[in-house]
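Just below is one structure, and these are the notes that go with it.
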Amino acid sequence: MKWKGDRIAFEVYGTSHAPEVGVRAMGLPTVKIDAEALDRFLDRRRAKAAAYSTKRFEADLPEIQSTANLFHAVIKNTNVRSGDYADLYGVPRPSHADYAAHLMDGRLDFSGGGEFSGRLTAPLCVLGFAAKTALAERGIRVAAWVSAIGSVKGATYRDGLTNEMLSCGERGEWTPAKKDEMLAEIECAAAEKDSVGGRIEIAVTGLPGGVGGGSFGSLEGKIASLAYLVPAVKGVAFGAGFDLAEMTGSRANDPLRYEGGEVTFEKNDAGGINGGLSNGNALTLAVAVRPTPSIGKKQRSIDLVKKEDREIEIKGRHDACIVPRAVPVLEAAVAIAVLDALLEEGK
Ligand SMILES: Cc1cc2nc3c(=O)[nH]c(=O)nc-3n(C[C@H](O)[C@H](O)[C@H](O)COP(=O)(O)O)c2cc1C
């Protein structure tokens with residue numbers, strides 16, 4: 001996983017079953033990392049003894065070895081069980097990266113998802129936490145929460161951004177509403193050896209207006225390019241997103257007015273961005289997270305060695321729903337993008 005912005009460039013390295021995973025980044029401002037706060041942040045991504053979670057528990061204790069120019073964090077993989085994949089040599093899991101990776105380099109060993117595994121989002125979270133810290137020093141907050149799991153719709157910024165949404169992660173929660181119904185939806189899928197997806201919303205508050213553009217392009221493009229680095233993210237929409245396609249201009253536009261001498265917006269369907277620049281309104285976006293590709297249910301695939309069709313039942317340890325664990329990962333991705341845009345403006 002590699003990304004190059006205007007000021008920040010990073011590479012997340014390692015694979016799911018390698019001895020370690022890590023991240024190397026250049027261009028990050030020097031920040032003091034609060035080890036306990038970092039651990040609380042990483043804990044939101046850790047596997048839990050919950051229906052939605054893989055049973056691959058990892059301590060995720062990062063070792064940060066930074067110099068003035070290089071941010072380097074390493075996390076040891078301590079709970080690898082490649083044997084789960086022995087029966088799947090040469091057999092790609094439908095809709096995982098396996099078959100596309102085989103087309104890329106001819107590989108037949110798909111153990112653990114290699115470099116396409118969600119495991120690589122742990123070091124991304126360490127870098128994202130450093131970016132969140134740098135943003136907090138500038139009065140900017142990045143918050144994410146689960147807004148839907150499968151057909152269960154919870155809280156959304158479309159009904160107005162609330163403190164409940166913004167403080168969810170800080171309280172160690174992943175959704176401000178309907179958690180029990182969401183868990184029931186996941187348990188239902190898991191009982192069927194199936195999986196379920198959902199929607200994560202992210203808000204950035206305190207961001208000054210006029211940030212974005214630059215040589216890489218719009219602020220939306222920069223944020224979306226990082227959001228799409230997160231495995232299983234299949235859609236990104238800002239503000240009212242795809243609903244804007246069905247609106248008239250008079251409904252879609254966000255009216256401006258003065259309130260106590262300050263410019264305010266009456267609503268925020270643009271998601272806080274116009275012309276690729278922040279407009280001073282809260283920046284809001286939603287991402288669609290697909291159902292976990294690895295499922296225990298019987299599926300049709302192929303055997304690339306024997307060159308024949310094959311039915312598979314995946315036995316490894318997998319999340320029945322990726323969504324709750326992906327919330328801090330999206331916060332991390334958005335924080336890195338926003339920090340890069342601010343640094344480019346010299347802020
Ligand atoms: C935190 C996290 C955990 C994940 N866990 C799993 C998993 O247990 N099993 C699985 O098949 N996919 C898992 N994924 C998703 C796959 O890595 C992803 O679907 C796959 O690489 C294909 O990429 P794509 O869905 O973006 O096309 C996870 C993703 C994230 C962000």
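By order of appearance in the structure tokens: chains A, B, ..., then residues from 1 within every chain, and ligands from 1 in the order shown.
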Enumerate as a list of chain:residue names the residues within 6 Å of ligand 1, counting only C-alpha atoms and all ligand atoms.
A:Thr54, A:His96, A:Ala97, A:Phe116, A:Ser117, A:Gly118, A:Val230, A:Pro231, A:Ala232, A:Val233, A:Thr292, A:Pro293, A:Ser294, A:His318, A:Asp319, A:Ile322, A:Arg325, A:Ala326
Selected residues written out with N, CA and C atoms, as a compact mmCIF listing (two decimals), in the first residue's frame:
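Saved result, part_7.txt, follows:
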```txt
# COMPACT_ATOMS: atom_id res chain seq x y z
N THR A 54 -12.99 -11.39 13.60
CA THR A 54 -12.15 -12.55 13.38
C THR A 54 -11.64 -13.07 14.74
N HIS A 96 -12.19 -11.84 -3.10
CA HIS A 96 -11.00 -11.37 -2.38
C HIS A 96 -10.00 -10.97 -3.47
N ALA A 97 -8.79 -10.56 -3.07
CA ALA A 97 -7.81 -10.10 -4.07
C ALA A 97 -7.10 -11.27 -4.76
N PHE A 116 -2.79 -7.90 0.67
CA PHE A 116 -4.13 -7.33 0.50
C PHE A 116 -4.98 -7.49 1.76
N SER A 117 -4.35 -8.07 2.79
CA SER A 117 -5.10 -8.35 4.02
C SER A 117 -5.44 -7.08 4.80
N GLY A 118 -6.56 -7.13 5.51
CA GLY A 118 -6.94 -6.04 6.41
C GLY A 118 -5.90 -5.82 7.51
N VAL A 230 -8.13 1.62 1.66
CA VAL A 230 -8.59 0.72 2.72
C VAL A 230 -9.30 -0.46 2.06
N PRO A 231 -8.80 -1.69 2.29
CA PRO A 231 -9.43 -2.84 1.65
C PRO A 231 -10.91 -2.94 2.04
N ALA A 232 -11.74 -3.32 1.10
CA ALA A 232 -13.19 -3.50 1.26
C ALA A 232 -14.00 -2.22 1.09
N VAL A 233 -13.33 -1.07 0.92
CA VAL A 233 -14.08 0.17 0.64
C VAL A 233 -14.41 0.19 -0.85
N THR A 292 -17.62 -8.96 3.99
CA THR A 292 -16.34 -9.69 3.98
C THR A 292 -16.34 -10.74 2.87
N PRO A 293 -15.34 -10.74 1.98
CA PRO A 293 -15.35 -11.75 0.91
C PRO A 293 -15.23 -13.19 1.42
N SER A 294 -14.40 -13.43 2.47
CA SER A 294 -14.22 -14.81 2.96
C SER A 294 -15.43 -15.23 3.79
N HIS A 318 -12.19 -15.20 10.08
CA HIS A 318 -12.57 -13.99 9.34
C HIS A 318 -13.61 -13.17 10.07
N ASP A 319 -13.64 -11.87 9.74
CA ASP A 319 -14.66 -10.98 10.29
C ASP A 319 -15.97 -11.27 9.56
N ILE A 322 -16.73 -6.46 8.51
CA ILE A 322 -15.49 -5.68 8.64
C ILE A 322 -15.79 -4.30 9.23
N ARG A 325 -14.60 -2.64 12.73
CA ARG A 325 -13.14 -2.53 12.87
C ARG A 325 -12.55 -1.53 11.86
N ALA A 326 -13.27 -1.24 10.80
CA ALA A 326 -12.74 -0.32 9.77
C ALA A 326 -12.95 1.15 10.14
```
Residues within 9 Å of Gly241 (chain A), please, as a list in words. Count only C-alpha atoms; anything in the same chain fewer than 2 positions from it doesn't count.
Val236, Ala237, Phe238, Gly239, Asp243, Leu244, Ala245, Asp269, Ala270, Gly271, Leu285 and Ala286 of chain A
Which neighbours of region 193-208 of chain A fall inside 8 Å, counting only C-alpha atoms, when residues of the same chain fewer than 5 positions from it are skipped, and could you give them as an NGL selection string?
:A and (139-150 or 156-157 or 166 or 185-186 or 278-293 or 295-297 or 319-323 or 327 or 330-331)
Using DSSP on the backbone coordinates, identify the residues of region 155-307 of chain A assigned to helix (DSSP H, G or I); present them as a VMD selection string.
chain A and resid 157 to 159 163 to 167 169 to 171 179 to 191 219 to 227 241 to 246 249 to 252
Neighbours of Val152 (chain A) within 8 Å (only C-alpha atoms; same-chain residues fewer than 6 positions away dropped), as an MDAnalysis selection string?
chainID A and resid 178 181:182 185
Put those residues in a file: C-alpha atoms, as a compact mmCIF listing (two decimals), in the first residue's frame.
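Saved file again09.txt follows:
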```
# COMPACT_ATOMS: atom_id res chain seq x y z
CA LYS A 178 -28.99 0.98 16.91
CA GLU A 181 -30.03 -4.20 15.89
CA MET A 182 -26.74 -3.95 14.01
CA GLU A 185 -27.87 -8.31 11.70
```
Just the residues within 10 Å of Leu88 (chain A), please, counting only C-alpha atoms, with nothing from its chain fewer than 4 positions along; format it as a ChimeraX atom specification.
/A:83-84,92-93,108-111,303,312-315
Select from region 33-229 of chain A everything DSSP, run on the backbone, classes as strand (DSSP E), then give the selection as a PyMOL selection string.
chain A and resi 63-64+70-76+141-149+152-153+198-205
Interatomic distance, CA of Leu42 (chain A) to CA of Ala130 (chain A) (Å, one decimal)
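CA of Ala130 (chain A) lies 12.0 Å from CA of Leu42 (chain A).
Among the candidates A:Asp98, A:Glu266, A:Asp309, A:Asp6, the one nearest to Ser218 (chain A) when counting only C-alpha atoms is A:Asp6.
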